[in-house]
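Raw contents of work-v9.cif, mmCIF, C-alpha atoms:
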data_model
#
loop_
_atom_site.group_PDB
_atom_site.id
_atom_site.type_symbol
_atom_site.label_atom_id
_atom_site.label_comp_id
_atom_site.auth_asym_id
_atom_site.auth_seq_id
_atom_site.Cartn_x
_atom_site.Cartn_y
_atom_site.Cartn_z
ATOM 1 C CA MET A 1 71.267 -66.760 76.049
ATOM 2 C CA PRO A 2 68.813 -66.815 78.981
ATOM 3 C CA ASN A 3 69.713 -64.732 81.980
ATOM 4 C CA PRO A 4 70.987 -67.098 84.707
ATOM 5 C CA THR A 5 69.263 -64.938 87.312
ATOM 6 C CA ALA A 6 65.903 -65.026 85.541
ATOM 7 C CA GLN A 7 63.040 -66.370 87.595
ATOM 8 C CA ASP A 8 61.503 -69.625 86.413
ATOM 9 C CA PRO A 9 57.712 -69.146 86.422
ATOM 10 C CA ASN A 10 57.314 -72.925 86.563
ATOM 11 C CA THR A 11 58.701 -72.937 90.097
ATOM 12 C CA THR A 12 58.176 -69.354 91.261
ATOM 13 C CA PRO A 13 54.845 -68.730 93.060
ATOM 14 C CA PRO A 14 52.619 -66.036 91.509
ATOM 15 C CA GLN A 15 53.754 -62.586 92.571
ATOM 16 C CA PRO A 16 51.409 -60.332 94.588
ATOM 17 C CA MET A 17 49.582 -57.808 92.464
ATOM 18 C CA SER A 18 48.175 -54.547 93.764
ATOM 19 C CA ARG A 19 49.709 -51.752 91.657
ATOM 20 C CA VAL A 20 49.633 -52.273 87.911
ATOM 21 C CA LEU A 21 50.730 -50.554 84.707
ATOM 22 C CA VAL A 22 48.625 -51.274 81.610
ATOM 23 C CA ALA A 23 50.303 -50.600 78.259
ATOM 24 C CA GLY A 24 47.941 -50.668 75.309
ATOM 25 C CA ALA A 25 45.132 -49.426 77.542
ATOM 26 C CA THR A 26 43.346 -47.566 74.743
ATOM 27 C CA GLY A 27 42.989 -50.717 72.625
ATOM 28 C CA TYR A 28 40.199 -53.287 72.570
ATOM 29 C CA LEU A 29 41.709 -55.570 75.219
ATOM 30 C CA GLY A 30 43.419 -52.812 77.189
ATOM 31 C CA ARG A 31 40.173 -51.110 78.126
ATOM 32 C CA HIS A 32 38.791 -54.391 79.424
ATOM 33 C CA LEU A 33 42.009 -55.023 81.358
ATOM 34 C CA VAL A 34 41.663 -51.723 83.188
ATOM 35 C CA SER A 35 38.093 -52.576 84.185
ATOM 36 C CA ALA A 36 38.994 -56.106 85.292
ATOM 37 C CA LEU A 37 41.946 -54.898 87.352
ATOM 38 C CA LYS A 38 39.833 -52.276 89.097
ATOM 39 C CA LYS A 39 37.191 -54.917 89.834
ATOM 40 C CA HIS A 40 39.919 -56.962 91.506
ATOM 41 C CA GLY A 41 40.902 -53.994 93.679
ATOM 42 C CA CYS A 42 44.106 -52.966 91.921
ATOM 43 C CA TRP A 43 45.538 -49.474 91.598
ATOM 44 C CA VAL A 44 45.981 -48.920 87.858
ATOM 45 C CA ARG A 45 48.290 -46.672 85.878
ATOM 46 C CA VAL A 46 47.745 -46.494 82.124
ATOM 47 C CA LEU A 47 50.298 -45.691 79.445
ATOM 48 C CA VAL A 48 48.914 -43.453 76.697
ATOM 49 C CA ARG A 49 50.474 -41.672 73.734
ATOM 50 C CA ARG A 50 48.557 -38.401 74.113
ATOM 51 C CA PRO A 51 47.247 -36.619 77.228
ATOM 52 C CA GLU A 52 43.729 -36.302 75.797
ATOM 53 C CA GLN A 53 43.403 -40.098 75.699
ATOM 54 C CA ALA A 54 43.112 -40.058 79.492
ATOM 55 C CA SER A 55 39.482 -38.976 79.180
ATOM 56 C CA ASP A 56 38.695 -42.340 77.546
ATOM 57 C CA LEU A 57 39.978 -44.204 80.611
ATOM 58 C CA PRO A 58 38.068 -42.745 83.579
ATOM 59 C CA GLU A 59 38.670 -45.815 85.756
ATOM 60 C CA ALA A 60 42.450 -45.336 85.730
ATOM 61 C CA ASP A 61 44.096 -44.054 88.909
ATOM 62 C CA ASP A 62 47.082 -42.553 87.120
ATOM 63 C CA VAL A 63 48.008 -41.656 83.550
ATOM 64 C CA PHE A 64 51.517 -41.764 82.135
ATOM 65 C CA VAL A 65 52.130 -40.151 78.754
ATOM 66 C CA GLY A 66 54.871 -41.744 76.676
ATOM 67 C CA GLN A 67 55.693 -43.080 73.228
ATOM 68 C CA ILE A 68 56.303 -46.813 73.117
ATOM 69 C CA THR A 69 58.699 -46.278 70.202
ATOM 70 C CA ASP A 70 60.761 -43.721 72.158
ATOM 71 C CA ALA A 71 62.350 -45.400 75.168
ATOM 72 C CA ALA A 72 63.404 -42.104 76.738
ATOM 73 C CA THR A 73 59.758 -41.072 77.158
ATOM 74 C CA LEU A 74 58.968 -44.222 79.147
ATOM 75 C CA HIS A 75 61.325 -43.443 82.031
ATOM 76 C CA GLY A 76 59.323 -43.689 85.240
ATOM 77 C CA ALA A 77 56.325 -45.439 83.707
ATOM 78 C CA ALA A 78 56.866 -48.577 85.801
ATOM 79 C CA ASP A 79 57.949 -46.886 89.018
ATOM 80 C CA ASP A 80 56.107 -48.118 92.106
ATOM 81 C CA VAL A 81 54.162 -50.838 90.316
ATOM 82 C CA ASP A 82 54.484 -54.581 90.870
ATOM 83 C CA THR A 83 53.006 -55.832 87.581
ATOM 84 C CA VAL A 84 53.014 -54.709 83.957
ATOM 85 C CA PHE A 85 50.387 -55.859 81.463
ATOM 86 C CA SER A 86 51.212 -55.227 77.829
ATOM 87 C CA SER A 87 48.871 -55.732 74.900
ATOM 88 C CA ILE A 88 51.060 -53.444 72.788
ATOM 89 C CA GLY A 89 51.057 -54.519 69.148
ATOM 90 C CA ILE A 90 49.826 -53.578 65.714
ATOM 91 C CA THR A 91 48.056 -55.470 62.974
ATOM 92 C CA ARG A 92 47.622 -52.679 60.452
ATOM 93 C CA GLN A 93 50.658 -50.428 60.372
ATOM 94 C CA ARG A 94 50.235 -46.664 60.674
ATOM 95 C CA ASP A 95 52.386 -43.640 61.411
ATOM 96 C CA GLY A 96 55.360 -45.116 59.559
ATOM 97 C CA VAL A 97 56.204 -47.701 62.224
ATOM 98 C CA GLY A 98 56.199 -51.463 61.802
ATOM 99 C CA TYR A 99 56.162 -54.666 63.783
ATOM 100 C CA GLU A 100 59.848 -54.473 64.692
ATOM 101 C CA GLN A 101 59.449 -50.968 66.110
ATOM 102 C CA VAL A 102 56.263 -51.704 68.079
ATOM 103 C CA ASP A 103 55.653 -55.411 68.753
ATOM 104 C CA TYR A 104 59.345 -56.054 69.408
ATOM 105 C CA GLY A 105 61.093 -52.750 70.101
ATOM 106 C CA GLY A 106 58.270 -51.048 71.965
ATOM 107 C CA ASN A 107 57.644 -53.978 74.271
ATOM 108 C CA LEU A 108 61.377 -54.414 74.817
ATOM 109 C CA ALA A 109 61.712 -50.769 75.863
ATOM 110 C CA LEU A 110 58.851 -51.303 78.299
ATOM 111 C CA LEU A 111 60.485 -54.455 79.659
ATOM 112 C CA ARG A 112 63.779 -52.625 80.199
ATOM 113 C CA GLU A 113 61.881 -49.963 82.142
ATOM 114 C CA ALA A 114 60.189 -52.695 84.188
ATOM 115 C CA GLU A 115 63.601 -54.216 84.945
ATOM 116 C CA ARG A 116 64.979 -50.822 86.010
ATOM 117 C CA ALA A 117 62.009 -50.343 88.336
ATOM 118 C CA SER A 118 62.297 -53.887 89.784
ATOM 119 C CA VAL A 119 58.804 -54.865 88.705
ATOM 120 C CA ALA A 120 57.889 -58.374 89.871
ATOM 121 C CA ARG A 121 55.905 -59.623 86.870
ATOM 122 C CA PHE A 122 55.405 -58.771 83.200
ATOM 123 C CA VAL A 123 52.307 -60.211 81.495
ATOM 124 C CA TYR A 124 52.449 -60.081 77.697
ATOM 125 C CA ILE A 125 49.467 -60.778 75.459
ATOM 126 C CA SER A 126 50.747 -62.371 72.266
ATOM 127 C CA VAL A 127 49.103 -64.686 69.722
ATOM 128 C CA LEU A 128 48.302 -68.383 69.509
ATOM 129 C CA HIS A 129 50.802 -70.444 67.473
ATOM 130 C CA GLY A 130 53.281 -67.556 67.486
ATOM 131 C CA ARG A 131 56.247 -69.914 67.661
ATOM 132 C CA GLU A 132 55.043 -71.840 64.614
ATOM 133 C CA LEU A 133 54.191 -68.712 62.637
ATOM 134 C CA ARG A 134 57.387 -66.759 63.310
ATOM 135 C CA ASP A 135 59.306 -68.142 60.330
ATOM 136 C CA HIS A 136 56.839 -66.887 57.728
ATOM 137 C CA VAL A 137 54.717 -64.165 59.349
ATOM 138 C CA ARG A 138 56.429 -60.861 60.121
ATOM 139 C CA LEU A 139 54.003 -59.923 62.900
ATOM 140 C CA ALA A 140 54.547 -63.237 64.705
ATOM 141 C CA ALA A 141 58.314 -62.990 64.227
ATOM 142 C CA ALA A 142 58.434 -59.622 65.994
ATOM 143 C CA LYS A 143 56.235 -60.845 68.833
ATOM 144 C CA GLU A 144 58.326 -63.966 69.332
ATOM 145 C CA ARG A 145 61.558 -61.966 69.360
ATOM 146 C CA PHE A 146 60.117 -60.084 72.312
ATOM 147 C CA VAL A 147 59.023 -63.326 73.982
ATOM 148 C CA ASP A 148 62.663 -64.448 73.733
ATOM 149 C CA GLU A 149 63.728 -61.265 75.555
ATOM 150 C CA LEU A 150 61.077 -61.756 78.212
ATOM 151 C CA ARG A 151 62.237 -65.320 78.800
ATOM 152 C CA ALA A 152 65.791 -64.040 79.358
ATOM 153 C CA SER A 153 64.737 -61.330 81.784
ATOM 154 C CA ALA A 154 65.026 -61.360 85.563
ATOM 155 C CA VAL A 155 61.405 -60.201 85.640
ATOM 156 C CA ALA A 156 58.959 -63.114 85.979
ATOM 157 C CA GLY A 157 57.175 -63.253 82.633
ATOM 158 C CA THR A 158 53.859 -64.732 81.576
ATOM 159 C CA VAL A 159 52.838 -64.947 77.918
ATOM 160 C CA ILE A 160 49.101 -65.205 77.237
ATOM 161 C CA ARG A 161 48.269 -66.579 73.788
ATOM 162 C CA PRO A 162 44.625 -65.956 72.815
ATOM 163 C CA THR A 163 43.092 -67.499 69.724
ATOM 164 C CA GLY A 164 41.634 -64.220 68.476
ATOM 165 C CA TYR A 165 39.484 -61.363 69.737
ATOM 166 C CA PHE A 166 35.791 -60.823 69.093
ATOM 167 C CA SER A 167 36.832 -57.460 67.651
ATOM 168 C CA ASP A 168 38.823 -59.307 64.961
ATOM 169 C CA MET A 169 35.704 -61.305 64.087
ATOM 170 C CA ARG A 170 34.007 -58.030 63.191
ATOM 171 C CA GLU A 171 35.501 -58.559 59.708
ATOM 172 C CA PHE A 172 33.103 -61.466 59.171
ATOM 173 C CA LEU A 173 30.191 -59.218 60.115
ATOM 174 C CA THR A 174 31.407 -56.440 57.830
ATOM 175 C CA MET A 175 31.495 -58.839 54.884
ATOM 176 C CA ALA A 176 28.063 -60.223 55.796
ATOM 177 C CA GLU A 177 26.633 -56.706 55.907
ATOM 178 C CA LYS A 178 27.912 -56.244 52.353
ATOM 179 C CA GLY A 179 26.171 -59.450 51.284
ATOM 180 C CA ARG A 180 28.972 -62.002 50.891
ATOM 181 C CA VAL A 181 31.634 -63.602 53.104
ATOM 182 C CA TYR A 182 34.873 -64.853 51.552
ATOM 183 C CA LEU A 183 36.644 -67.776 53.215
ATOM 184 C CA ILE A 184 39.945 -69.482 52.439
ATOM 185 C CA GLY A 185 39.607 -73.182 51.555
ATOM 186 C CA ASP A 186 36.538 -75.196 52.492
ATOM 187 C CA GLY A 187 35.750 -73.116 55.595
ATOM 188 C CA ASN A 188 36.130 -76.068 57.952
ATOM 189 C CA ARG A 189 39.100 -74.737 59.911
ATOM 190 C CA SER A 190 38.084 -74.095 63.507
ATOM 191 C CA MET A 191 38.670 -71.449 66.122
ATOM 192 C CA ASN A 192 37.266 -70.329 69.469
ATOM 193 C CA PRO A 193 37.660 -66.545 69.631
ATOM 194 C CA ILE A 194 37.329 -64.810 72.971
ATOM 195 C CA SER A 195 35.730 -61.567 74.079
ATOM 196 C CA GLY A 196 37.811 -58.748 75.513
ATOM 197 C CA ALA A 197 35.982 -58.969 78.836
ATOM 198 C CA ASP A 198 36.523 -62.722 79.204
ATOM 199 C CA LEU A 199 40.174 -62.493 78.172
ATOM 200 C CA ALA A 200 40.850 -59.606 80.544
ATOM 201 C CA GLU A 201 39.315 -61.513 83.456
ATOM 202 C CA PHE A 202 41.415 -64.549 82.566
ATOM 203 C CA CYS A 203 44.611 -62.470 82.356
ATOM 204 C CA VAL A 204 44.052 -60.843 85.731
ATOM 205 C CA THR A 205 43.101 -64.089 87.464
ATOM 206 C CA THR A 206 46.039 -65.913 85.874
ATOM 207 C CA ALA A 207 48.511 -63.284 87.056
ATOM 208 C CA THR A 208 47.475 -63.859 90.651
ATOM 209 C CA THR A 209 46.805 -67.598 90.765
ATOM 210 C CA ARG A 210 48.984 -69.350 88.168
ATOM 211 C CA SER A 211 52.700 -69.484 87.462
ATOM 212 C CA ALA A 212 52.888 -71.062 83.984
ATOM 213 C CA PRO A 213 55.125 -69.045 81.639
ATOM 214 C CA ASP A 214 53.105 -69.674 78.472
ATOM 215 C CA ILE A 215 49.331 -70.060 78.432
ATOM 216 C CA GLU A 216 46.996 -70.629 75.474
ATOM 217 C CA ILE A 217 43.375 -69.566 75.826
ATOM 218 C CA GLY A 218 40.202 -69.223 73.800
ATOM 219 C CA GLY A 219 36.503 -68.565 74.199
ATOM 220 C CA PRO A 220 33.680 -70.978 75.065
ATOM 221 C CA ASP A 221 32.532 -71.814 71.504
ATOM 222 C CA ILE A 222 34.598 -73.792 68.981
ATOM 223 C CA LEU A 223 33.306 -72.838 65.524
ATOM 224 C CA THR A 224 34.315 -73.505 61.953
ATOM 225 C CA HIS A 225 34.805 -70.503 59.696
ATOM 226 C CA ASN A 226 31.608 -71.539 57.910
ATOM 227 C CA GLN A 227 29.716 -71.420 61.209
ATOM 228 C CA ILE A 228 31.182 -68.005 62.040
ATOM 229 C CA ALA A 229 30.089 -66.698 58.638
ATOM 230 C CA GLU A 230 26.606 -68.131 59.123
ATOM 231 C CA ALA A 231 26.352 -66.504 62.550
ATOM 232 C CA ALA A 232 27.343 -63.174 61.013
ATOM 233 C CA PHE A 233 24.636 -63.472 58.364
ATOM 234 C CA ALA A 234 22.079 -64.485 61.001
ATOM 235 C CA ALA A 235 22.915 -61.339 62.955
ATOM 236 C CA THR A 236 22.342 -59.145 59.908
ATOM 237 C CA GLY A 237 19.165 -60.922 58.812
ATOM 238 C CA ARG A 238 20.636 -61.478 55.347
ATOM 239 C CA PRO A 239 20.700 -64.813 53.507
ATOM 240 C CA ALA A 240 24.054 -66.576 53.832
ATOM 241 C CA ARG A 241 26.231 -66.195 50.738
ATOM 242 C CA ILE A 242 29.689 -67.687 51.247
ATOM 243 C CA THR A 243 32.445 -67.905 48.657
ATOM 244 C CA HIS A 244 35.286 -70.340 49.257
ATOM 245 C CA VAL A 245 38.565 -69.135 47.768
ATOM 246 C CA PRO A 246 40.910 -72.032 46.864
ATOM 247 C CA ARG A 247 43.923 -72.139 49.185
ATOM 248 C CA GLY A 248 46.303 -72.320 46.231
ATOM 249 C CA LEU A 249 44.880 -69.129 44.759
ATOM 250 C CA ALA A 250 45.131 -67.360 48.119
ATOM 251 C CA ALA A 251 48.744 -68.520 48.512
ATOM 252 C CA ALA A 252 49.640 -67.239 45.050
ATOM 253 C CA ALA A 253 48.052 -63.877 45.842
ATOM 254 C CA ARG A 254 50.036 -63.708 49.063
ATOM 255 C CA ARG A 255 53.326 -64.363 47.263
ATOM 256 C CA LEU A 256 52.515 -61.691 44.689
ATOM 257 C CA VAL A 257 51.606 -59.091 47.301
ATOM 258 C CA GLU A 258 54.751 -59.888 49.314
ATOM 259 C CA SER A 259 56.902 -59.336 46.224
ATOM 260 C CA ILE A 260 55.493 -55.967 45.148
ATOM 261 C CA THR A 261 54.269 -54.187 48.274
ATOM 262 C CA PRO A 262 55.846 -52.906 51.518
ATOM 263 C CA GLU A 263 55.389 -54.621 54.877
ATOM 264 C CA ARG A 264 52.569 -52.291 55.890
ATOM 265 C CA THR A 265 50.549 -53.799 53.018
ATOM 266 C CA PHE A 266 51.601 -57.445 52.935
ATOM 267 C CA GLY A 267 52.057 -57.842 56.707
ATOM 268 C CA PRO A 268 48.352 -57.942 57.617
ATOM 269 C CA LEU A 269 47.688 -60.244 54.641
ATOM 270 C CA GLN A 270 50.389 -62.661 55.831
ATOM 271 C CA PHE A 271 48.813 -62.832 59.254
ATOM 272 C CA PHE A 272 45.230 -63.080 57.986
ATOM 273 C CA LEU A 273 45.946 -65.897 55.551
ATOM 274 C CA SER A 274 47.990 -67.825 58.099
ATOM 275 C CA VAL A 275 45.227 -67.608 60.695
ATOM 276 C CA MET A 276 42.531 -68.490 58.167
ATOM 277 C CA THR A 277 44.366 -71.653 57.124
ATOM 278 C CA THR A 278 45.216 -72.839 60.642
ATOM 279 C CA ASP A 279 43.034 -74.241 63.415
ATOM 280 C CA MET A 280 43.081 -71.589 66.149
ATOM 281 C CA VAL A 281 41.678 -73.607 69.035
ATOM 282 C CA ALA A 282 42.820 -73.393 72.652
ATOM 283 C CA PRO A 283 41.414 -74.331 76.084
ATOM 284 C CA ALA A 284 38.050 -72.651 76.537
ATOM 285 C CA THR A 285 37.106 -70.070 79.119
ATOM 286 C CA GLY A 286 34.570 -67.305 79.584
ATOM 287 C CA HIS A 287 30.869 -66.768 79.154
ATOM 288 C CA ASP A 288 30.528 -64.474 76.142
ATOM 289 C CA HIS A 289 29.321 -65.937 72.860
ATOM 290 C CA LEU A 290 30.265 -64.737 69.384
ATOM 291 C CA ALA A 291 26.707 -64.903 68.041
ATOM 292 C CA ALA A 292 25.564 -62.489 70.742
ATOM 293 C CA PHE A 293 28.477 -60.161 69.916
ATOM 294 C CA PHE A 294 27.440 -60.168 66.254
ATOM 295 C CA ARG A 295 23.834 -59.377 67.173
ATOM 296 C CA GLU A 296 24.899 -56.526 69.414
ATOM 297 C CA GLU A 297 27.259 -55.101 66.779
ATOM 298 C CA SER A 298 24.571 -55.292 64.108
ATOM 299 C CA GLY A 299 21.977 -53.634 66.316
ATOM 300 C CA ARG A 300 19.757 -56.729 66.338
ATOM 301 C CA ASN A 301 20.427 -57.791 69.914
ATOM 302 C CA PRO A 302 17.123 -58.962 71.406
#
Can you give me the file's structure in the form of structure tokens?
Amino acid sequence: MPNPTAQDPNTTPPQPMSRVLVAGATGYLGRHLVSALKKHGCWVRVLVRRPEQASDLPEADDVFVGQITDAATLHGAADDVDTVFSSIGITRQRDGVGYEQVDYGGNLALLREAERASVARFVYISVLHGRELRDHVRLAAAKERFVDELRASAVAGTVIRPTGYFSDMREFLTMAEKGRVYLIGDGNRSMNPISGADLAEFCVTTATTRSAPDIEIGGPDILTHNQIAEAAFAATGRPARITHVPRGLAAAARRLVESITPERTFGPLQFFLSVMTTDMVAPATGHDHLAAFFREESGRNP
């Protein structure tokens, strides 16, 4: 049941933001968040798992070492900050932990620490269509369980729902580099993925200028999966060879994998197949284009 004292971000003005904790700072989006926050004049503390990771985040003003799956190690992480950004989450499971321990439990432990420290705002980066996917995708279910907790909290919460990162689109380029891209169905599902830099800028600006509790966002280009595959081949200089896997066959493979493998194996497949059979389109923002990202990644950037 929602906390009766929870702030309603629909009516509460955006909270001031000057001292920030970034959880997930060593990930693709987290690094861009640190840079965007510093550009906006914020003091930034980063949460890392190991002390040596601090060297990868030279822009950070402070480093806090803690394990997101061990709440006791997070005590003090949110002290003296007004805003927490969390991009904590896993797609491919490692180290024996799963979505419930990280996407739900880890973020919940961080939220409890934010509540203890009287943080004004908690910005959580989730996934587009998470509410619709939660009933049949384990990753989305864990994320949405945390969103439920954030909604019930006295901390003002904002959930950012991106369509997908450019880094995720690297899989198209990897397949193109091997000579063939495999798509589910006819390849005409659409999406507008967003770069880490554009998403980070949007997150930071949103935290200071908007008060909506749930915001969907994507990049500037709406592309079909066929067009994304073609852009990947163009970046590699290879002829486009695309194989369309029937949706029924992909669904049967998913059911088989779910029945005989652990979550660490079938979880990413659940998410991948769900995204590849759903239009992932949201309001556009940013300036970075996927084709340019592919060219840069392939070393063919003019």
task = Report as an MDAnalysis selection string the full result of the PyMOL selection byres ((chain A and resi 128) around 8) when it is applied to this structure.
result = chainID A and resid 126:127 129:130 161:164 216 280
Residues within 10 Å of A:Phe64, all atoms listed in the file, excluding chain neighbours under 5 positions, as a PyMOL selection string = chain A and resi 21-23+45-51+54+73-78
Go ahead and write the selection's residues with C-alpha atoms as a compact mmCIF listing (two decimals), in the coordinates of the input.
# COMPACT_ATOMS: atom_id res chain seq x y z
CA LEU A 21 50.73 -50.55 84.71
CA VAL A 22 48.62 -51.27 81.61
CA ALA A 23 50.30 -50.60 78.26
CA ARG A 45 48.29 -46.67 85.88
CA VAL A 46 47.74 -46.49 82.12
CA LEU A 47 50.30 -45.69 79.44
CA VAL A 48 48.91 -43.45 76.70
CA ARG A 49 50.47 -41.67 73.73
CA ARG A 50 48.56 -38.40 74.11
CA PRO A 51 47.25 -36.62 77.23
CA ALA A 54 43.11 -40.06 79.49
CA THR A 73 59.76 -41.07 77.16
CA LEU A 74 58.97 -44.22 79.15
CA HIS A 75 61.32 -43.44 82.03
CA GLY A 76 59.32 -43.69 85.24
CA ALA A 77 56.32 -45.44 83.71
CA ALA A 78 56.87 -48.58 85.80
query = Skipping near chain neighbours, those fewer than 2 positions away, what residues fall within 8 Å of A:Val81 using only C-alpha atoms, listed as an NGL selection string?
reply = :A and (18-21 or 78-79 or 83-84 or 119)
query = Taking the file as shown, what set of residues would the PyMOL selection byres ((chain A and resi 172-177) around 7) give back, as a list of chain:residue names?
reply =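 On this input, the PyMOL selection byres ((chain A and resi 172-177) around 7) captures A:Met169, A:Arg170, A:Glu171, A:Lys178, A:Gly179, A:Arg180, A:Val181, A:Ala229, A:Ala232, A:Phe233, A:Thr236, A:Phe294.
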Writer output for current selection, C-alpha atoms, as a compact mmCIF listing (two decimals), in the coordinates of the input:
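Output (part-v8.txt):
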# COMPACT_ATOMS: atom_id res chain seq x y z
CA MET A 169 35.70 -61.30 64.09
CA ARG A 170 34.01 -58.03 63.19
CA GLU A 171 35.50 -58.56 59.71
CA LYS A 178 27.91 -56.24 52.35
CA GLY A 179 26.17 -59.45 51.28
CA ARG A 180 28.97 -62.00 50.89
CA VAL A 181 31.63 -63.60 53.10
CA ALA A 229 30.09 -66.70 58.64
CA ALA A 232 27.34 -63.17 61.01
CA PHE A 233 24.64 -63.47 58.36
CA THR A 236 22.34 -59.14 59.91
CA PHE A 294 27.44 -60.17 66.25
Shell around A:His136 at 10 Å using only C-alpha atoms, local window under 4 positions removed, as a short mmCIF file (atom, residue, chain, number, x, y, z; two decimals) with C-alpha atoms, keeping the file's coordinate frame:
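Below you can see selection_25.cif, which holds the result:
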data_model
loop_
_atom_site.label_atom_id
_atom_site.label_comp_id
_atom_site.auth_asym_id
_atom_site.auth_seq_id
_atom_site.Cartn_x
_atom_site.Cartn_y
_atom_site.Cartn_z
CA GLU A 132 55.04 -71.84 64.61
CA ALA A 140 54.55 -63.24 64.70
CA ALA A 141 58.31 -62.99 64.23
CA GLN A 270 50.39 -62.66 55.83
CA PHE A 271 48.81 -62.83 59.25
CA SER A 274 47.99 -67.82 58.10
#
key: From A:Ala251, A:Ala284, A:Leu273, A:Ala231, residue lying nearest A:Val137 [only C-alpha atoms]   = A:Leu273
ask   = Restricting the calculation to all atoms listed in the file, which member of A:Arg241, A:Arg131, A:Arg116, A:Arg247 is positioned closest to A:Asp214?
value = A:Arg131
ask   = Rounded to one decimal in Å, what is the spacing between atom CA of A:Ala71 and atom CA of A:Leu110?
value = 7.5 Å
query = Between atom CA of A:Gly196 and atom CA of A:Phe166, what is the spacing in Å?
reply =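 Distance between the two atoms: 7.0 Å.
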Put the listed atoms of stretch 175-189 of chain A in a box along x, y and z with 5 Å added on every side and give me the centre and edge lengths in Å to one decimal, as JSON.
{"center_x": 33.1, "center_y": -66.2, "center_z": 55.4, "size_x": 23.8, "size_y": 29.8, "size_z": 19.0}
key: Residue list as number ranges by chain for point (54.3, -50.4, 63.0), cut-off 12 Å, only C-alpha atoms   = A: 68-69, 88-106, 138-139, 142, 262-265, 267-268
request  = Record the distance separating atom CA of A:Ser298 and atom CA of A:Ala197, expressed in Å with one decimal.
outcome  =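 Going from atom CA of A:Ser298 over to atom CA of A:Ala197, I get 19.0 Å.
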